[in-house]
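The structure under discussion appears below in the form of structure tokens.
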Amino acid sequence: MYYDEAAEAVLKTLNTSETGLSSEEASIRLLKYGKNELKEEEKISVVKLFLSQFKSFLIIILLAAALVSALLGEFIDASVILFTVILAGVLGFVQEYRAEESIKLLKSLTSPEALVVRDGKEVRVPSSVLVPGDILLLQAGDRIPADARVFMAPLLKVDESSLTGESVPVEKSTKIFPSETPQPDRKNMAYTGTAVVYGRGKAVITATGMNTAFGRLAGLLGEIERERTPLQEKLDQFGRWLGAATLVVVAVVAVLGILQGFSRFEMFLWGVALAVAAIPEALPAVVTVGLALGVRRMVKRHALIRKLPSVETLGSTNIICTDKTGTLTQNKMTVEKVYVNGTVLNVTGGGYEPVGDFFSGDGPVSEDMHLHKLLVAGTLCNDAGLVQEEGLWGITGDPTEGALVVAAAKAGIWKTALEEKHRRVGEVPFSSERKMMTTLNTYEECLYAHSKGAPEVILASCTKIFLRGQEEQLTPEIRQEILNNLHDMATQSLRVMGFAYRRFTEEVLPEEAEKDMVFAGLTGMRDPPREEAKVAIATCTSAGIRTIMITGDHKTTAFAIAKELGIFREGDLIFTGTELDAMDIREFEETVEKISVYARVYPEHKLKVVEALKKKGYVVAMTGDGVNDAPALKAADMGIAMGITGTDVSKEASSMILTDDNFASIVSAVEEGRNILKNIMNFIGYGLTCHIGLVLIVLVGVLTWQILPVIAVQILWINLITDGLPPMALSVEAPDRGLMKQKPRKSKEGLVSKRMIVSSLGLGILIALQSLGVLYWALNEGVSLPKIQTVIFTLVVISLMFNAFNWRSDRYSVFSLGIFTNKALIYAVLSTVLLQLAVIYIPILQTAFRTVPLSLSDWAMIIPLASTTLIAMELAKYLEQKTNRQS
């Protein structure tokens with residue numbers, strides 16, 4: 001709307017004119033349309049944010065367990081449970097304290113004041129009182145305060161990167177565009193929050209407030225609710241499953257105990273102890289600490305996590321939707337090919353560092369007069385500059401012009417030195433209508449015109465060519481050869497530019513210099529892919545993660561980069577935003593899995609892609625840097641913003657920020673996420689072994705011998721020390737070999753797998769058999785009950801310490817990992833053993849825990865028996881790997 005109408009028709013539709021609205025009419029329209037402001041969404045209070053950390057089912061079970069323990073007088077255990085729960089809550093709260101500020105940041109991008117025409121006069125008014133129909137005056141440095149239709153645009157260039165993500169300024173036009181023109185290509189429209197970088201212009205405001213492009217983004221952000229992460233869902237699922245299973249088992253065993261003659265109060269105490277032992281109260285704290293430690297490690301790998309559970313989400317990610325510019329590419333335009341003297345030269349070196357060479361075939365080119373002519377023309381007909389700050393090279397001005405200055409510097413032609421000898425005395429600026437730029441420079445009492453621009457336009461202005469060391473006639477055959485080379489460069493998705501010059505012996509007007517020129521050559525440039533991006537994408541593929549490119553760039557450029565990086569493969573599809581608009585949602589959802597590249601897209605398209613993939617059951621990560629990306633970042637399972645080029649809005653809408661804007665850092669973060677999930681599952685497997693073993697020991701002891709092999713206080717102690725330090729140490733275990741060659745876990749797959757249940761059940765039964773074997777032998781030998789309970793109590797603790805080493809990895813032998821590579825686990829096990837010794841040998845603790853001292857012969861029995869827990873698991877891992885190798 002408006003972009004496909006003539007400016008006069010737009011003014012008529014909005015009932016205004018170039019002399020602007022009257023103050024009275026502006027006031028009436030302000031009442032009708034409302035203020036030019038973005039609506040704020042209700043913020044979550046600090047108290048609500050803190051309380052939200054305690055909503056999970058597992059946390060509720062733990063709080064109930066703490067309450068029952070306190071009522072029974074077990075204040076130490078109640079305190080420990082409360083401490084771990086509060087610790088987990090505080091850590092999560094601190095990490096998420098920064099409330100969502102997307103709308104506030106969007107407001108900060110709008111201009112506080114605007115220059116408009118009212119009552120036929122130019123006046124400055126607060127941007128909040130602008131209304132449709134106001135005539136807006138634009139000049140370099142202004143931030144555009146509302147959406148508007150441009151009707152006067154002499155050399156007007158606008159930076160729309162905050163909206164589109166593309167860094168090259170857009171030259172505005174007053175032309176009418178077809179109704180099917182996608183939003184990024186509507187060059188006669190100016191949008192809220194974008195900035196004028198060059199020239200001046202006039203425009204009529206067409207939309208304000210929430211009706212602008214920014215307003216629609218704000219509306220999208222407000223409508224999107226961030227879903228719970230897979231980890232949060234899995235922990236709740238595990239909590240419900242464990243809570244139900246524990247209550248059933250405890251109830252059954254308590255009833256059987258009463259039937260066997262134990263008092264109801266004694267069995268109630270025991271039931272509470274067993275219930276508390278069966279619930280891993282350390283799990284929330286261990287998960288939170290594990291995630292926090294993972295966050296610290298990820299910062300070192302250039303990834304900053306804003307929300308703790310998001311770390312695990314990365315581990316489940318199976319699709320990464322990524323922007324092209326700056327993430328997969330360097331965001332540094334680079335000249336890669338030069339056509340001079342009938343030859344194509346290749347240019348080495350990347351980025352803005354002026355280091356590189358020119359090659360013809362395999363041979364380097366030096367002191368070539370034809371190359372020199374072209375580079376001089378490209379440097380003098382240029383407003384960009386090359387700068388070095390703190391050892392880093394960069395450019396000032398337009399990226400395309402900057403690439404030409406860098407190419408010249410590679411050949412030893414420095415712009416500052418060149419301009420001292422070639423003083424600029426005139427110019428004809430570039431415009432979209434002319435598609436070329438010309439400067440006039442003086443040199444040795446002569447005047448030189450240098451031009452650059454679209455190759456076809458430059459060729460049309462030339463009658464000669466600099467060839468074989470002299471100026472020759474530009475024949476139709478030579479012209480066709482140039483066009484063939486132009487086509488070859490264009491098919492390689494290079495941005496091609498032509499260059500020409502002319503020498504004058506007398507003064508001439510710049511406009512008159514653009515004829516009978518001498519063709520100097522062509523350059524082909526592009527924003528090259530990052531070297532590490534191709535490796536990272538290959539790693540993603542082997543890890544079962546699909547990479548999809550979503551960019552605002554043109555289809556041919558996007559296709560070439562995607563193919564080079566390995567994103568686009570045979571059978572894949574490439575779609576544009578216009579093609580997406582032509583499809584209904586059902587048709588798109590049927591096709592979405594085949595599309596690997598999206599080109600010329602806009603915010604609604606990115607959001608549409610993310611939502612369609614999520615409906616298919618994928619865990620989607622989405623990268624972005626512009627305001628345009630914010631809704632999709634928030635809707636994605638994992639929103640990843642760019643730390644260097646990203647807008648504040650995109651960062652606030654994200655779950656993770658890349659501090660180096662590098663796609664390879666996402667892959668590192670995915671590996672870390674997978675490792676954290678692996679460690680959480682290993683801790684759960686370790687805990688299940690303990691709980692299964694304890695339940696079986698007590699159940700069989702009560703049913704077979706009417707004896708409690710371990711008493712309530714001993715069960716609580718086992719729970720306290722075994723669920724304390726060792727799990728914390730397991731949370732820092734390094735990634736397994738081949739972790740990034742495994743397929744991602746399915747989002748609906750729980751934390752407890754069949755493999756884990758089999759392993760935990762087998763080890764739990766083994767620990768139970770160890771203790772019940774000792775119980776059987778001791779009863780036959782007439783050993784006292786306190787001694788029996790002390791031996792079994794200690795045997796279970798030492799077995800669980802051996803078991804901790806089992807769960808460093810559920811696949812690989814602890815010996816192949818290196819016994820001492822996880823030093824934290826060594827210290828945790830030693831500390832736990834020392835605490836157990838204190839309970840056995842310190843008199844005051846002996847009374848509290850009803851233990852008796854153990855002799856050396858007792859230890860000679862306990863240690864070998866306990867070690868079978870480790871030996872059995874090592875044997876199982878060896879047999880599994882042997883079977884896998886044979887198959």
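Residue names in the structure tokens use chain letters A, B, ... in the order shown, residue numbers from 1 in each chain, and ligand numbers from 1 in the order shown.
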
Shell of 12 Å around A:Thr343, only C-alpha atoms, local chain residues under 2 positions omitted, as a ChimeraX atom specification:
/A:337-341,345-346,358-361,365,368,370-371,467-468,481-482,485,520-523

Next, the residues of the selection above should be written as a PDB file, in the first residue's frame with N, CA and C atoms.
```
ATOM      1  N   LYS A 337      38.099 -10.864  -7.807  1.00  0.00           N
ATOM      2  CA  LYS A 337      38.527 -11.000  -9.216  1.00  0.00           C
ATOM      3  C   LYS A 337      38.617  -9.618  -9.871  1.00  0.00           C
ATOM      4  N   VAL A 338      39.595  -9.484 -10.779  1.00  0.00           N
ATOM      5  CA  VAL A 338      39.769  -8.248 -11.544  1.00  0.00           C
ATOM      6  C   VAL A 338      39.944  -8.622 -13.014  1.00  0.00           C
ATOM      7  N   TYR A 339      39.209  -7.950 -13.890  1.00  0.00           N
ATOM      8  CA  TYR A 339      39.352  -8.178 -15.331  1.00  0.00           C
ATOM      9  C   TYR A 339      40.020  -6.949 -15.949  1.00  0.00           C
ATOM     10  N   VAL A 340      41.266  -7.120 -16.414  1.00  0.00           N
ATOM     11  CA  VAL A 340      42.003  -6.053 -17.109  1.00  0.00           C
ATOM     12  C   VAL A 340      42.792  -6.663 -18.262  1.00  0.00           C
ATOM     13  N   ASN A 341      42.971  -5.887 -19.326  1.00  0.00           N
ATOM     14  CA  ASN A 341      43.818  -6.298 -20.453  1.00  0.00           C
ATOM     15  C   ASN A 341      43.422  -7.676 -20.996  1.00  0.00           C
ATOM     16  N   LEU A 345      42.195 -11.707 -13.283  1.00  0.00           N
ATOM     17  CA  LEU A 345      43.158 -11.899 -12.203  1.00  0.00           C
ATOM     18  C   LEU A 345      42.421 -12.295 -10.930  1.00  0.00           C
ATOM     19  N   ASN A 346      43.016 -13.202 -10.167  1.00  0.00           N
ATOM     20  CA  ASN A 346      42.468 -13.583  -8.863  1.00  0.00           C
ATOM     21  C   ASN A 346      43.187 -12.794  -7.779  1.00  0.00           C
ATOM     22  N   PHE A 358      47.901 -10.423  -6.435  1.00  0.00           N
ATOM     23  CA  PHE A 358      47.117 -10.587  -7.656  1.00  0.00           C
ATOM     24  C   PHE A 358      47.768 -11.682  -8.501  1.00  0.00           C
ATOM     25  N   PHE A 359      46.978 -12.650  -8.950  1.00  0.00           N
ATOM     26  CA  PHE A 359      47.506 -13.789  -9.698  1.00  0.00           C
ATOM     27  C   PHE A 359      46.812 -13.902 -11.046  1.00  0.00           C
ATOM     28  N   SER A 360      47.628 -14.191 -12.074  1.00  0.00           N
ATOM     29  CA  SER A 360      47.105 -14.569 -13.379  1.00  0.00           C
ATOM     30  C   SER A 360      47.442 -16.037 -13.549  1.00  0.00           C
ATOM     31  N   GLY A 361      46.435 -16.908 -13.407  1.00  0.00           N
ATOM     32  CA  GLY A 361      46.710 -18.348 -13.353  1.00  0.00           C
ATOM     33  C   GLY A 361      47.440 -18.645 -12.059  1.00  0.00           C
ATOM     34  N   VAL A 365      51.153 -11.332 -10.261  1.00  0.00           N
ATOM     35  CA  VAL A 365      51.210 -10.169 -11.149  1.00  0.00           C
ATOM     36  C   VAL A 365      51.773  -8.987 -10.361  1.00  0.00           C
ATOM     37  N   ASP A 368      51.812  -4.119 -13.059  1.00  0.00           N
ATOM     38  CA  ASP A 368      51.018  -4.186 -14.287  1.00  0.00           C
ATOM     39  C   ASP A 368      50.310  -2.851 -14.504  1.00  0.00           C
ATOM     40  N   HIS A 370      47.960  -1.968 -16.544  1.00  0.00           N
ATOM     41  CA  HIS A 370      46.516  -2.070 -16.727  1.00  0.00           C
ATOM     42  C   HIS A 370      45.817  -2.177 -15.364  1.00  0.00           C
ATOM     43  N   LEU A 371      46.377  -3.018 -14.485  1.00  0.00           N
ATOM     44  CA  LEU A 371      45.835  -3.151 -13.130  1.00  0.00           C
ATOM     45  C   LEU A 371      45.953  -1.818 -12.391  1.00  0.00           C
ATOM     46  N   LEU A 467      44.216  -1.349 -23.557  1.00  0.00           N
ATOM     47  CA  LEU A 467      44.510  -2.738 -23.895  1.00  0.00           C
ATOM     48  C   LEU A 467      45.918  -2.823 -24.477  1.00  0.00           C
ATOM     49  N   ARG A 468      46.674  -3.835 -24.024  1.00  0.00           N
ATOM     50  CA  ARG A 468      48.032  -4.054 -24.517  1.00  0.00           C
ATOM     51  C   ARG A 468      48.906  -2.795 -24.410  1.00  0.00           C
ATOM     52  N   GLU A 481      33.296  -9.539 -25.546  1.00  0.00           N
ATOM     53  CA  GLU A 481      34.191 -10.286 -24.647  1.00  0.00           C
ATOM     54  C   GLU A 481      34.073  -9.769 -23.220  1.00  0.00           C
ATOM     55  N   ILE A 482      33.975  -8.457 -23.069  1.00  0.00           N
ATOM     56  CA  ILE A 482      33.805  -7.864 -21.722  1.00  0.00           C
ATOM     57  C   ILE A 482      32.487  -8.338 -21.108  1.00  0.00           C
ATOM     58  N   ASN A 485      32.733 -11.893 -19.833  1.00  0.00           N
ATOM     59  CA  ASN A 485      33.425 -11.970 -18.544  1.00  0.00           C
ATOM     60  C   ASN A 485      32.541 -11.428 -17.414  1.00  0.00           C
ATOM     61  N   ALA A 520      38.576   0.738 -18.389  1.00  0.00           N
ATOM     62  CA  ALA A 520      39.761   0.257 -17.661  1.00  0.00           C
ATOM     63  C   ALA A 520      39.621  -1.199 -17.225  1.00  0.00           C
ATOM     64  N   GLY A 521      38.406  -1.657 -16.945  1.00  0.00           N
ATOM     65  CA  GLY A 521      38.242  -3.048 -16.529  1.00  0.00           C
ATOM     66  C   GLY A 521      37.069  -3.260 -15.593  1.00  0.00           C
ATOM     67  N   LEU A 522      37.006  -4.463 -15.015  1.00  0.00           N
ATOM     68  CA  LEU A 522      35.932  -4.876 -14.110  1.00  0.00           C
ATOM     69  C   LEU A 522      36.524  -5.398 -12.800  1.00  0.00           C
ATOM     70  N   THR A 523      35.759  -5.280 -11.725  1.00  0.00           N
ATOM     71  CA  THR A 523      36.106  -5.976 -10.476  1.00  0.00           C
ATOM     72  C   THR A 523      34.898  -6.809 -10.058  1.00  0.00           C
TER      73      THR A 523
END
```

If we count only C-alpha atoms, what is near A:Ile545 at a cut-off of 12 Å, once residues fewer than 6 positions away on the same chain are taken out, given as a short mmCIF file (atom, residue, chain, number, x, y, z; two decimals) with all heavy atoms, in the first residue's frame?
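Saved file around.cif follows:
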```cif
data_model
loop_
_atom_site.label_atom_id
_atom_site.label_comp_id
_atom_site.auth_asym_id
_atom_site.auth_seq_id
_atom_site.Cartn_x
_atom_site.Cartn_y
_atom_site.Cartn_z
N LEU A 314 20.12 -26.28 23.57
CA LEU A 314 21.11 -26.40 22.50
C LEU A 314 21.47 -27.85 22.23
O LEU A 314 21.67 -28.25 21.09
CB LEU A 314 22.37 -25.63 22.86
CG LEU A 314 22.40 -24.15 22.51
CD1 LEU A 314 23.60 -23.49 23.14
CD2 LEU A 314 22.43 -23.95 21.01
N GLY A 315 21.55 -28.64 23.30
CA GLY A 315 21.91 -30.04 23.15
C GLY A 315 20.86 -30.85 22.42
O GLY A 315 21.16 -31.90 21.85
N SER A 316 19.60 -30.38 22.43
CA SER A 316 18.51 -31.08 21.74
C SER A 316 18.22 -30.49 20.37
O SER A 316 17.37 -31.01 19.64
CB SER A 316 17.24 -31.00 22.60
OG SER A 316 17.46 -31.52 23.89
N THR A 317 18.90 -29.40 20.01
CA THR A 317 18.63 -28.71 18.75
C THR A 317 18.93 -29.61 17.55
O THR A 317 19.98 -30.24 17.48
CB THR A 317 19.49 -27.43 18.65
OG1 THR A 317 19.11 -26.55 19.69
CG2 THR A 317 19.32 -26.75 17.31
N ASN A 318 17.99 -29.66 16.61
CA ASN A 318 18.25 -30.43 15.39
C ASN A 318 18.12 -29.60 14.12
O ASN A 318 18.34 -30.09 13.03
CB ASN A 318 17.35 -31.68 15.30
CG ASN A 318 15.92 -31.40 15.68
OD1 ASN A 318 15.42 -30.30 15.47
ND2 ASN A 318 15.26 -32.39 16.26
N ILE A 319 17.76 -28.31 14.27
CA ILE A 319 17.77 -27.38 13.13
C ILE A 319 18.31 -26.03 13.59
O ILE A 319 17.88 -25.52 14.62
CB ILE A 319 16.37 -27.21 12.50
CG1 ILE A 319 16.00 -28.44 11.67
CG2 ILE A 319 16.31 -25.97 11.62
CD1 ILE A 319 14.70 -28.33 10.92
N ILE A 320 19.26 -25.48 12.83
CA ILE A 320 19.75 -24.13 13.08
C ILE A 320 19.41 -23.27 11.88
O ILE A 320 19.86 -23.53 10.76
CB ILE A 320 21.28 -24.11 13.31
CG1 ILE A 320 21.65 -24.96 14.54
CG2 ILE A 320 21.77 -22.67 13.51
CD1 ILE A 320 23.15 -25.07 14.76
N CYS A 321 18.57 -22.27 12.09
CA CYS A 321 18.25 -21.30 11.05
C CYS A 321 19.19 -20.11 11.25
O CYS A 321 19.15 -19.46 12.30
CB CYS A 321 16.80 -20.83 11.16
SG CYS A 321 15.60 -22.15 10.90
N ALA A 536 32.22 -25.92 10.51
CA ALA A 536 31.17 -25.97 11.53
C ALA A 536 29.89 -26.58 10.97
O ALA A 536 29.22 -27.37 11.65
CB ALA A 536 30.90 -24.57 12.05
N ILE A 537 29.54 -26.24 9.73
CA ILE A 537 28.32 -26.79 9.11
C ILE A 537 28.48 -28.29 8.87
O ILE A 537 27.54 -29.07 9.07
CB ILE A 537 28.00 -26.05 7.80
CG1 ILE A 537 27.51 -24.64 8.13
CG2 ILE A 537 26.96 -26.80 6.97
CD1 ILE A 537 27.46 -23.71 6.96
N ALA A 538 29.68 -28.73 8.47
CA ALA A 538 29.95 -30.16 8.29
C ALA A 538 29.82 -30.89 9.63
O ALA A 538 29.28 -32.01 9.70
CB ALA A 538 31.34 -30.37 7.70
N THR A 539 30.29 -30.26 10.70
CA THR A 539 30.17 -30.84 12.05
C THR A 539 28.70 -30.97 12.43
O THR A 539 28.28 -31.99 12.99
CB THR A 539 30.90 -29.97 13.09
OG1 THR A 539 32.27 -29.84 12.71
CG2 THR A 539 30.82 -30.59 14.48
N ILE A 567 25.37 -26.04 2.71
CA ILE A 567 24.01 -25.95 3.25
C ILE A 567 23.00 -26.46 2.22
O ILE A 567 22.08 -27.20 2.56
CB ILE A 567 23.68 -24.49 3.63
CG1 ILE A 567 24.55 -24.05 4.81
CG2 ILE A 567 22.20 -24.32 3.97
CD1 ILE A 567 24.41 -22.58 5.15
N TYR A 618 10.49 -30.24 15.39
CA TYR A 618 11.92 -29.93 15.46
C TYR A 618 12.21 -28.97 16.62
O TYR A 618 11.36 -28.14 16.98
CB TYR A 618 12.41 -29.29 14.15
CG TYR A 618 12.39 -30.22 12.97
CD1 TYR A 618 11.39 -30.13 12.01
CD2 TYR A 618 13.36 -31.20 12.82
CE1 TYR A 618 11.36 -31.00 10.91
CE2 TYR A 618 13.34 -32.06 11.72
CZ TYR A 618 12.34 -31.96 10.78
OH TYR A 618 12.33 -32.81 9.72
N VAL A 619 13.41 -29.10 17.19
CA VAL A 619 13.91 -28.13 18.16
C VAL A 619 14.74 -27.13 17.37
O VAL A 619 15.79 -27.48 16.83
CB VAL A 619 14.75 -28.79 19.27
CG1 VAL A 619 15.29 -27.74 20.23
CG2 VAL A 619 13.91 -29.82 20.01
N VAL A 620 14.26 -25.89 17.27
CA VAL A 620 14.80 -24.91 16.32
C VAL A 620 15.62 -23.84 17.03
O VAL A 620 15.14 -23.21 17.98
CB VAL A 620 13.67 -24.24 15.52
CG1 VAL A 620 14.25 -23.27 14.48
CG2 VAL A 620 12.80 -25.30 14.83
N ALA A 621 16.85 -23.65 16.55
CA ALA A 621 17.66 -22.51 16.96
C ALA A 621 17.65 -21.50 15.83
O ALA A 621 17.71 -21.87 14.66
CB ALA A 621 19.09 -22.94 17.26
N ILE A 666 28.37 -21.36 17.61
CA ILE A 666 27.10 -22.06 17.87
C ILE A 666 27.37 -23.56 18.03
O ILE A 666 26.81 -24.22 18.91
CB ILE A 666 26.09 -21.83 16.73
CG1 ILE A 666 25.83 -20.34 16.54
CG2 ILE A 666 24.80 -22.58 16.99
CD1 ILE A 666 24.93 -20.02 15.36
N VAL A 667 28.24 -24.09 17.17
CA VAL A 667 28.55 -25.52 17.22
C VAL A 667 29.22 -25.87 18.54
O VAL A 667 28.93 -26.90 19.15
CB VAL A 667 29.44 -25.92 16.02
CG1 VAL A 667 29.73 -27.40 16.05
CG2 VAL A 667 28.75 -25.55 14.71
N VAL A 670 26.53 -25.97 21.08
CA VAL A 670 25.72 -27.19 20.95
C VAL A 670 26.42 -28.36 21.64
O VAL A 670 25.79 -29.14 22.37
CB VAL A 670 25.46 -27.52 19.46
CG1 VAL A 670 24.90 -28.93 19.31
CG2 VAL A 670 24.50 -26.51 18.85
N GLU A 671 27.73 -28.47 21.44
CA GLU A 671 28.49 -29.53 22.09
C GLU A 671 28.40 -29.41 23.61
O GLU A 671 28.20 -30.40 24.32
CB GLU A 671 29.95 -29.49 21.64
CG GLU A 671 30.78 -30.62 22.26
CD GLU A 671 32.24 -30.57 21.83
OE1 GLU A 671 32.72 -29.47 21.47
OE2 GLU A 671 32.90 -31.62 21.87
N MET A 740 29.64 -35.28 19.22
CA MET A 740 29.07 -34.52 18.10
C MET A 740 28.86 -35.38 16.86
O MET A 740 28.58 -34.85 15.77
CB MET A 740 29.95 -33.32 17.78
CG MET A 740 29.91 -32.23 18.83
SD MET A 740 28.24 -31.55 19.06
CE MET A 740 28.07 -30.56 17.59
N LYS A 741 28.99 -36.70 17.00
CA LYS A 741 28.65 -37.59 15.90
C LYS A 741 27.36 -38.35 16.21
O LYS A 741 26.89 -39.15 15.40
CB LYS A 741 29.80 -38.57 15.65
CG LYS A 741 31.04 -37.88 15.08
CD LYS A 741 32.14 -38.87 14.76
CE LYS A 741 33.35 -38.14 14.16
NZ LYS A 741 34.47 -39.06 13.88
N GLN A 742 26.81 -38.09 17.39
CA GLN A 742 25.54 -38.70 17.77
C GLN A 742 24.39 -37.84 17.28
O GLN A 742 24.53 -36.63 17.13
CB GLN A 742 25.47 -38.86 19.29
CG GLN A 742 26.56 -39.74 19.88
CD GLN A 742 26.57 -39.69 21.40
OE1 GLN A 742 25.61 -39.27 22.03
NE2 GLN A 742 27.67 -40.11 21.99
N LYS A 743 23.26 -38.46 17.03
CA LYS A 743 22.07 -37.72 16.61
C LYS A 743 21.49 -36.98 17.82
O LYS A 743 21.62 -37.43 18.96
CB LYS A 743 21.01 -38.68 16.04
CG LYS A 743 21.49 -39.45 14.81
CD LYS A 743 21.87 -38.51 13.68
CE LYS A 743 22.40 -39.28 12.47
NZ LYS A 743 22.94 -38.38 11.44
N PRO A 744 20.83 -35.84 17.59
CA PRO A 744 20.23 -35.10 18.71
C PRO A 744 19.15 -35.93 19.38
O PRO A 744 18.46 -36.72 18.72
CB PRO A 744 19.62 -33.86 18.05
CG PRO A 744 20.24 -33.77 16.69
CD PRO A 744 20.59 -35.17 16.30
N ARG A 745 19.00 -35.73 20.68
CA ARG A 745 17.90 -36.40 21.39
C ARG A 745 16.58 -35.80 20.95
O ARG A 745 16.48 -34.61 20.69
CB ARG A 745 18.07 -36.22 22.91
CG ARG A 745 19.17 -37.05 23.50
CD ARG A 745 19.35 -36.73 24.97
NE ARG A 745 18.12 -36.87 25.71
CZ ARG A 745 17.62 -38.02 26.16
NH1 ARG A 745 18.28 -39.14 25.93
NH2 ARG A 745 16.50 -38.06 26.84
N LYS A 746 15.56 -36.63 20.86
CA LYS A 746 14.24 -36.14 20.50
C LYS A 746 13.70 -35.29 21.64
O LYS A 746 13.90 -35.59 22.81
CB LYS A 746 13.30 -37.31 20.21
CG LYS A 746 13.70 -38.11 18.98
CD LYS A 746 12.78 -39.29 18.75
CE LYS A 746 13.22 -40.09 17.53
NZ LYS A 746 12.38 -41.29 17.32
#
```

Within 7 Å of stretch 322-327 of chain A, which residues of stretch 455-572 of chain A come that close, and what is the closest atom pair and distance in Å for each? Count only C-alpha atoms and give it as a tab-separated table.
```
residue	atom	partner	partner_atom	distance
A:Ile548	CA	A:Thr322	CA	6.1
A:Met549	CA	A:Thr322	CA	5.1
A:Ile550	CA	A:Asp323	CA	5.2
A:Thr551	CA	A:Asp323	CA	5.3
```

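Closest approach to A:Ile718 from the set A:Phe575, A:Phe75, A:Trp777, A:Phe849 is made by A:Phe849, with distances taken over only C-alpha atoms.
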
Using only C-alpha atoms, I'd like a table of the residues in stretch 544-578 of chain A that come within 8 Å of stretch 587-608 of chain A; for each, show the closest atom pair and its distance in Å rounded to one decimal, ordered by chain and ascending number, as JSON lines.
```
{"residue": "A:Thr547", "atom": "CA", "partner": "A:Ser596", "partner_atom": "CA", "distance": 7.2}
{"residue": "A:Ile548", "atom": "CA", "partner": "A:Ser596", "partner_atom": "CA", "distance": 4.7}
{"residue": "A:Met549", "atom": "CA", "partner": "A:Val597", "partner_atom": "CA", "distance": 4.8}
{"residue": "A:Ile550", "atom": "CA", "partner": "A:Tyr598", "partner_atom": "CA", "distance": 4.7}
{"residue": "A:Thr551", "atom": "CA", "partner": "A:Ala599", "partner_atom": "CA", "distance": 5.1}
{"residue": "A:Gly552", "atom": "CA", "partner": "A:Arg600", "partner_atom": "CA", "distance": 4.2}
{"residue": "A:Asp553", "atom": "CA", "partner": "A:Arg600", "partner_atom": "CA", "distance": 5.4}
{"residue": "A:His554", "atom": "CA", "partner": "A:Arg600", "partner_atom": "CA", "distance": 5.8}
{"residue": "A:Lys555", "atom": "CA", "partner": "A:Ala599", "partner_atom": "CA", "distance": 5.2}
{"residue": "A:Ala558", "atom": "CA", "partner": "A:Ala599", "partner_atom": "CA", "distance": 6.4}
{"residue": "A:Phe559", "atom": "CA", "partner": "A:Val597", "partner_atom": "CA", "distance": 7.1}
{"residue": "A:Ala562", "atom": "CA", "partner": "A:Val597", "partner_atom": "CA", "distance": 7.2}
{"residue": "A:Ile567", "atom": "CA", "partner": "A:Ser596", "partner_atom": "CA", "distance": 6.7}
{"residue": "A:Phe568", "atom": "CA", "partner": "A:Ser596", "partner_atom": "CA", "distance": 6.0}
{"residue": "A:Gly571", "atom": "CA", "partner": "A:Lys594", "partner_atom": "CA", "distance": 7.7}
{"residue": "A:Asp572", "atom": "CA", "partner": "A:Lys594", "partner_atom": "CA", "distance": 5.5}
{"residue": "A:Leu573", "atom": "CA", "partner": "A:Ile595", "partner_atom": "CA", "distance": 4.5}
{"residue": "A:Ile574", "atom": "CA", "partner": "A:Val597", "partner_atom": "CA", "distance": 4.7}
{"residue": "A:Phe575", "atom": "CA", "partner": "A:Tyr598", "partner_atom": "CA", "distance": 5.0}
{"residue": "A:Thr576", "atom": "CA", "partner": "A:Ala599", "partner_atom": "CA", "distance": 4.7}
{"residue": "A:Gly577", "atom": "CA", "partner": "A:Val601", "partner_atom": "CA", "distance": 4.4}
{"residue": "A:Thr578", "atom": "CA", "partner": "A:Val601", "partner_atom": "CA", "distance": 7.8}
```

Residues as selected, C-alpha atoms, written as a CSV table (one decimal), in the first residue's frame, can you do that?
```
chain,number,residue,atom,x,y,z
A,547,THR,CA,21.5,-25.9,8.8
A,548,ILE,CA,19.1,-23.5,7.0
A,549,MET,CA,20.0,-20.1,5.6
A,550,ILE,CA,17.5,-17.3,6.0
A,551,THR,CA,18.7,-14.0,4.5
A,552,GLY,CA,17.5,-10.7,3.1
A,553,ASP,CA,20.0,-11.0,0.3
A,554,HIS,CA,19.1,-11.9,-3.3
A,555,LYS,CA,18.3,-15.5,-4.4
A,558,ALA,CA,22.2,-16.8,-1.2
A,559,PHE,CA,22.3,-19.9,-3.4
A,562,ALA,CA,24.8,-21.9,0.6
A,567,ILE,CA,24.0,-25.9,3.2
A,568,PHE,CA,22.3,-26.5,-0.1
A,571,GLY,CA,17.1,-32.1,-3.9
A,572,ASP,CA,16.9,-29.1,-1.6
A,573,LEU,CA,14.7,-26.1,-2.4
A,574,ILE,CA,15.3,-22.4,-2.3
A,575,PHE,CA,12.4,-20.0,-1.6
A,576,THR,CA,12.0,-16.2,-1.6
A,577,GLY,CA,9.7,-14.2,0.6
A,578,THR,CA,7.4,-13.5,-2.3
```

Of the listed residues A:Gly685, A:Gly701, A:Gly199, A:Gly271, that which approaches A:Gly762 most closely, counting only C-alpha atoms:
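When distances to A:Gly762 are compared using only C-alpha atoms, the smallest one comes from A:Gly685.
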